[in-house]
Amino acid sequence: MRVAQLRRPIVAAASGITRSTASPTVRHVQDVFAQLRIGAGTGPMNAVVEGRRHASVKSQGAYRLRDSSTIPKKLGAKKSGDSYVITGNIIYKQRGTIWHAGENCGIGRDHTIFALASGYVKYYRDPAKHPKRQYIGVVFNKDDKLPYPANAMRKRKLNMVAVPVPPPQPQPALSASGIPTQVVRQGLGRKPNPRDERVIKLVPNSYAYQEENWRLGTLIRTEKRKMGSRRVAMKHRRRKAKAIGLEMRTMREDKIARRKEALDAQRTAKIRKMREYRERVAAQKAGGGTPAGDAPTPTPSPPQAEA
């Protein structure tokens, strides 16, 4: 079949060569045979010469299975508007900042927006911040609208519930038996540390005193947990040693100050006694001696300094 189809172009090429000059040139022969080259043109004749055959029946599309090893991203909104969320709930997952974190919301490093407080979700725009950005916020009251007016009072919940606190009942200074209901013991030294202050209260319906349990707990020094690294542990050790050194220095200065006060008191007492002695001696000299028949009064000796 192909040979029969090739016969006509071959004959036409041969006749073209014979119709030319008696001595055809090499250039003329190349041009003639170039017309016989398969694939030189784009016509239907060349397709037949090459033996190309098109499908006569339409094929069915193949069924493609999804790659099960791919982890789904699960992007998009997780909470709609006016939905109730608690602290830490994811509101919107995205790639890039399509939505920005607004009131009581935070954004993670993968642009996930989550709630920082319990409340209701609001999707809104804030032209005062940015003319085109979209924000997601959380409000405490479902009827509130975002954004809040300018210079409005800030609303915070602090994860607490409003509960009326009754006023403390005044405690009498003396009990029914006439003894104090509370005794405060200060620490040692001229400047006692407030943490060394101990408050001991009277036990109800008793004559015994007892310290409160939470105050007893402050006196117990538990061993701290180990640090994550040697560098951090060394830093805390140096800080602790520095604090102990400052405390010892304060105690030493307190001791020196108390000793100095005692010496000053002794010196003042000695000066006072010497002044009194001189005044007595001067008063005796001014009296003009002793009358007749009276025994002479012995001259007082100067006071001796006490050790």
# chains A, B, ... in the order shown; residues from 1 in each chain; ligands from 1
$ residues_around --residues "region 147-149 of chain A" --least-positions-apart "6" --cutoff "9 Å" --atoms "only C-alpha atoms" --output "ChimeraX atom specification"
/A:102-103,124-126,137
$ write_last_selection --atoms "all heavy atoms" --output "PDB file, in the first residue's frame"
ATOM      1  N   GLY A 102      -6.835  40.293  65.423  1.00  0.00           N
ATOM      2  CA  GLY A 102      -7.420  41.521  65.952  1.00  0.00           C
ATOM      3  C   GLY A 102      -7.547  41.475  67.462  1.00  0.00           C
ATOM      4  O   GLY A 102      -6.631  41.048  68.171  1.00  0.00           O
ATOM      5  N   GLU A 103      -8.689  41.893  67.964  1.00  0.00           N
ATOM      6  CA  GLU A 103      -8.939  42.002  69.402  1.00  0.00           C
ATOM      7  C   GLU A 103      -8.932  40.619  70.047  1.00  0.00           C
ATOM      8  O   GLU A 103      -9.631  39.702  69.610  1.00  0.00           O
ATOM      9  CB  GLU A 103     -10.288  42.686  69.636  1.00  0.00           C
ATOM     10  CG  GLU A 103     -10.525  43.109  71.059  1.00  0.00           C
ATOM     11  CD  GLU A 103      -9.762  44.368  71.430  1.00  0.00           C
ATOM     12  OE1 GLU A 103      -9.315  45.062  70.500  1.00  0.00           O
ATOM     13  OE2 GLU A 103      -9.614  44.641  72.623  1.00  0.00           O
ATOM     14  N   TYR A 124     -14.067  41.228  60.908  1.00  0.00           N
ATOM     15  CA  TYR A 124     -14.352  42.653  60.680  1.00  0.00           C
ATOM     16  C   TYR A 124     -13.185  43.317  59.958  1.00  0.00           C
ATOM     17  O   TYR A 124     -12.117  42.710  59.758  1.00  0.00           O
ATOM     18  CB  TYR A 124     -14.594  43.361  62.027  1.00  0.00           C
ATOM     19  CG  TYR A 124     -13.400  43.415  62.935  1.00  0.00           C
ATOM     20  CD1 TYR A 124     -12.617  44.565  63.030  1.00  0.00           C
ATOM     21  CD2 TYR A 124     -13.028  42.325  63.714  1.00  0.00           C
ATOM     22  CE1 TYR A 124     -11.512  44.627  63.859  1.00  0.00           C
ATOM     23  CE2 TYR A 124     -11.926  42.371  64.545  1.00  0.00           C
ATOM     24  CZ  TYR A 124     -11.179  43.522  64.616  1.00  0.00           C
ATOM     25  OH  TYR A 124     -10.080  43.574  65.452  1.00  0.00           O
ATOM     26  N   ARG A 125     -13.394  44.577  59.587  1.00  0.00           N
ATOM     27  CA  ARG A 125     -12.360  45.446  59.022  1.00  0.00           C
ATOM     28  C   ARG A 125     -12.185  46.651  59.929  1.00  0.00           C
ATOM     29  O   ARG A 125     -13.139  47.090  60.586  1.00  0.00           O
ATOM     30  CB  ARG A 125     -12.733  45.917  57.614  1.00  0.00           C
ATOM     31  CG  ARG A 125     -12.719  44.832  56.554  1.00  0.00           C
ATOM     32  CD  ARG A 125     -13.155  45.390  55.213  1.00  0.00           C
ATOM     33  NE  ARG A 125     -13.199  44.376  54.185  1.00  0.00           N
ATOM     34  CZ  ARG A 125     -12.173  44.065  53.397  1.00  0.00           C
ATOM     35  NH1 ARG A 125     -11.026  44.713  53.525  1.00  0.00           N
ATOM     36  NH2 ARG A 125     -12.297  43.130  52.473  1.00  0.00           N
ATOM     37  N   ASP A 126     -10.975  47.194  59.930  1.00  0.00           N
ATOM     38  CA  ASP A 126     -10.678  48.366  60.760  1.00  0.00           C
ATOM     39  C   ASP A 126      -9.954  49.393  59.893  1.00  0.00           C
ATOM     40  O   ASP A 126      -8.727  49.350  59.754  1.00  0.00           O
ATOM     41  CB  ASP A 126      -9.812  47.958  61.953  1.00  0.00           C
ATOM     42  CG  ASP A 126      -9.723  49.067  62.988  1.00  0.00           C
ATOM     43  OD1 ASP A 126     -10.256  50.153  62.723  1.00  0.00           O
ATOM     44  OD2 ASP A 126      -9.116  48.842  64.059  1.00  0.00           O
ATOM     45  N   GLY A 137     -11.403  38.910  65.506  1.00  0.00           N
ATOM     46  CA  GLY A 137     -11.328  39.266  66.919  1.00  0.00           C
ATOM     47  C   GLY A 137     -12.281  38.427  67.755  1.00  0.00           C
ATOM     48  O   GLY A 137     -13.104  37.675  67.236  1.00  0.00           O
TER      49      GLY A 137
END
$ residues_around --residues "Gly187 (chain A)" --least-positions-apart "4" --cutoff "12 Å" --atoms "only C-alpha atoms" --output "number ranges by chain"
A: 191-199
$ residues_around --residues "region 74-88 of chain A" --least-positions-apart "5" --cutoff "9 Å" --atoms "only C-alpha atoms" --output "ChimeraX atom specification"
/A:93-95,114-123,138,142
$ atom_distance --atom1 "CA of Pro72 (chain A)" --atom2 "CA of Ala101 (chain A)"
24.0 Å
$ residues_around --residues "Arg258 (chain A)" --least-positions-apart "4" --cutoff "9 Å" --atoms "only C-alpha atoms" --output "ChimeraX atom specification"
/A:189-190,253-254,262-263
$ write_last_selection --atoms "N, CA, C and O atoms" --output "PDB file, in the first residue's frame"
ATOM      1  N   GLY A 189      18.218  41.758 115.047  1.00  0.00           N
ATOM      2  CA  GLY A 189      19.018  42.824 114.443  1.00  0.00           C
ATOM      3  C   GLY A 189      18.343  44.176 114.522  1.00  0.00           C
ATOM      4  O   GLY A 189      17.182  44.315 114.913  1.00  0.00           O
ATOM      5  N   ARG A 190      19.131  45.216 114.177  1.00  0.00           N
ATOM      6  CA  ARG A 190      18.617  46.577 114.196  1.00  0.00           C
ATOM      7  C   ARG A 190      17.599  46.798 113.083  1.00  0.00           C
ATOM      8  O   ARG A 190      16.640  47.553 113.222  1.00  0.00           O
ATOM      9  N   GLU A 253      27.586  44.498 109.495  1.00  0.00           N
ATOM     10  CA  GLU A 253      27.419  45.931 109.729  1.00  0.00           C
ATOM     11  C   GLU A 253      26.474  46.204 110.899  1.00  0.00           C
ATOM     12  O   GLU A 253      26.705  47.138 111.687  1.00  0.00           O
ATOM     13  N   ASP A 254      25.464  45.373 111.036  1.00  0.00           N
ATOM     14  CA  ASP A 254      24.550  45.528 112.167  1.00  0.00           C
ATOM     15  C   ASP A 254      25.263  45.270 113.489  1.00  0.00           C
ATOM     16  O   ASP A 254      25.074  45.997 114.480  1.00  0.00           O
ATOM     17  N   ALA A 262      26.847  50.725 121.870  1.00  0.00           N
ATOM     18  CA  ALA A 262      27.158  50.394 123.265  1.00  0.00           C
ATOM     19  C   ALA A 262      28.341  51.208 123.770  1.00  0.00           C
ATOM     20  O   ALA A 262      28.328  51.719 124.913  1.00  0.00           O
ATOM     21  N   LEU A 263      29.379  51.377 122.943  1.00  0.00           N
ATOM     22  CA  LEU A 263      30.545  52.175 123.357  1.00  0.00           C
ATOM     23  C   LEU A 263      30.164  53.638 123.535  1.00  0.00           C
ATOM     24  O   LEU A 263      30.628  54.309 124.477  1.00  0.00           O
TER      25      LEU A 263
END
$ closest_residue --among "A:Ala269, A:Ile136, A:Leu65, A:Leu246" --to "Ile98 (chain A)" --atoms "only C-alpha atoms"
A:Ile136
$ select_by_dssp --residues "region 16-180 of chain A" --states "helix (DSSP H, G or I)" --output "ChimeraX atom specification"
/A:16-19,26-34,44-50
$ write_last_selection --atoms "N, CA, C and O atoms" --output "compact mmCIF listing (two decimals), in the first residue's frame"
# COMPACT_ATOMS: atom_id res chain seq x y z
N GLY A 16 10.41 15.49 -13.44
CA GLY A 16 10.95 16.83 -13.29
C GLY A 16 12.42 16.87 -13.61
O GLY A 16 12.93 17.84 -14.14
N ILE A 17 13.09 15.77 -13.30
CA ILE A 17 14.52 15.73 -13.60
C ILE A 17 14.73 15.61 -15.11
O ILE A 17 15.59 16.25 -15.71
N THR A 18 13.88 14.77 -15.75
CA THR A 18 14.05 14.56 -17.19
C THR A 18 13.65 15.79 -17.98
O THR A 18 14.18 16.05 -19.06
N ARG A 19 12.66 16.59 -17.49
CA ARG A 19 12.27 17.79 -18.20
C ARG A 19 13.27 18.92 -18.09
O ARG A 19 13.19 19.89 -18.79
N VAL A 26 23.89 19.52 -9.61
CA VAL A 26 23.74 18.86 -8.30
C VAL A 26 22.70 19.60 -7.44
O VAL A 26 21.91 18.99 -6.73
N ARG A 27 22.66 20.91 -7.57
CA ARG A 27 21.69 21.70 -6.82
C ARG A 27 20.27 21.35 -7.21
O ARG A 27 19.38 21.24 -6.38
N HIS A 28 20.03 21.14 -8.49
CA HIS A 28 18.70 20.82 -8.98
C HIS A 28 18.26 19.45 -8.49
O HIS A 28 17.10 19.23 -8.07
N VAL A 29 19.17 18.50 -8.44
CA VAL A 29 18.86 17.14 -7.96
C VAL A 29 18.52 17.17 -6.47
O VAL A 29 17.60 16.50 -6.01
N GLN A 30 19.29 17.98 -5.68
CA GLN A 30 19.00 18.07 -4.25
C GLN A 30 17.62 18.65 -4.00
O GLN A 30 16.90 18.20 -3.11
N ASP A 31 17.22 19.65 -4.77
CA ASP A 31 15.90 20.24 -4.58
C ASP A 31 14.79 19.27 -4.91
O ASP A 31 13.74 19.25 -4.23
N VAL A 32 14.99 18.46 -5.91
CA VAL A 32 13.96 17.49 -6.29
C VAL A 32 13.78 16.44 -5.21
O VAL A 32 12.66 16.08 -4.82
N PHE A 33 14.91 15.90 -4.73
CA PHE A 33 14.80 14.85 -3.72
C PHE A 33 14.39 15.40 -2.35
O PHE A 33 13.91 14.65 -1.49
N ALA A 34 14.59 16.69 -2.15
CA ALA A 34 14.12 17.27 -0.88
C ALA A 34 12.61 17.24 -0.79
O ALA A 34 12.03 17.19 0.30
N PRO A 44 -1.62 16.32 4.45
CA PRO A 44 -2.09 14.96 4.70
C PRO A 44 -1.30 13.91 3.94
O PRO A 44 -1.23 12.76 4.37
N MET A 45 -0.67 14.30 2.82
CA MET A 45 0.11 13.33 2.05
C MET A 45 1.31 12.84 2.84
O MET A 45 1.63 11.65 2.85
N ASN A 46 1.98 13.77 3.52
CA ASN A 46 3.14 13.37 4.33
C ASN A 46 2.71 12.48 5.49
O ASN A 46 3.44 11.56 5.89
N ALA A 47 1.53 12.74 6.09
CA ALA A 47 1.05 11.88 7.17
C ALA A 47 0.82 10.47 6.68
O ALA A 47 1.09 9.50 7.38
N VAL A 48 0.31 10.33 5.44
CA VAL A 48 0.09 9.00 4.89
C VAL A 48 1.40 8.30 4.61
O VAL A 48 1.57 7.11 4.84
N VAL A 49 2.39 9.13 4.08
CA VAL A 49 3.70 8.55 3.77
C VAL A 49 4.37 8.05 5.04
O VAL A 49 4.99 6.97 5.04
N GLU A 50 4.27 8.82 6.14
CA GLU A 50 4.93 8.40 7.39
C GLU A 50 4.21 7.23 8.04
O GLU A 50 4.74 6.60 8.95
$ atom_distance --atom1 "CA of Gly96 (chain A)" --atom2 "CA of His111 (chain A)"
6.0 Å
$ select_by_dssp --residues "region 51-293 of chain A" --states "strand (DSSP E)" --output "NGL selection string"
:A and (76-77 or 84-85 or 90-93 or 100-101 or 105-107 or 113-115 or 119-125 or 134-139 or 182-185 or 198-202 or 209-211)
$ residues_around --residues "region 178-183 of chain A" --least-positions-apart "4" --cutoff "7 Å" --atoms "only C-alpha atoms" --output "PyMOL selection string"
chain A and resi 173-174+199-202
$ closest_residue --among "A:Arg231, A:His236, A:Arg156, A:Arg185" --to "Glu211 (chain A)" --atoms "only C-alpha atoms"
A:Arg185
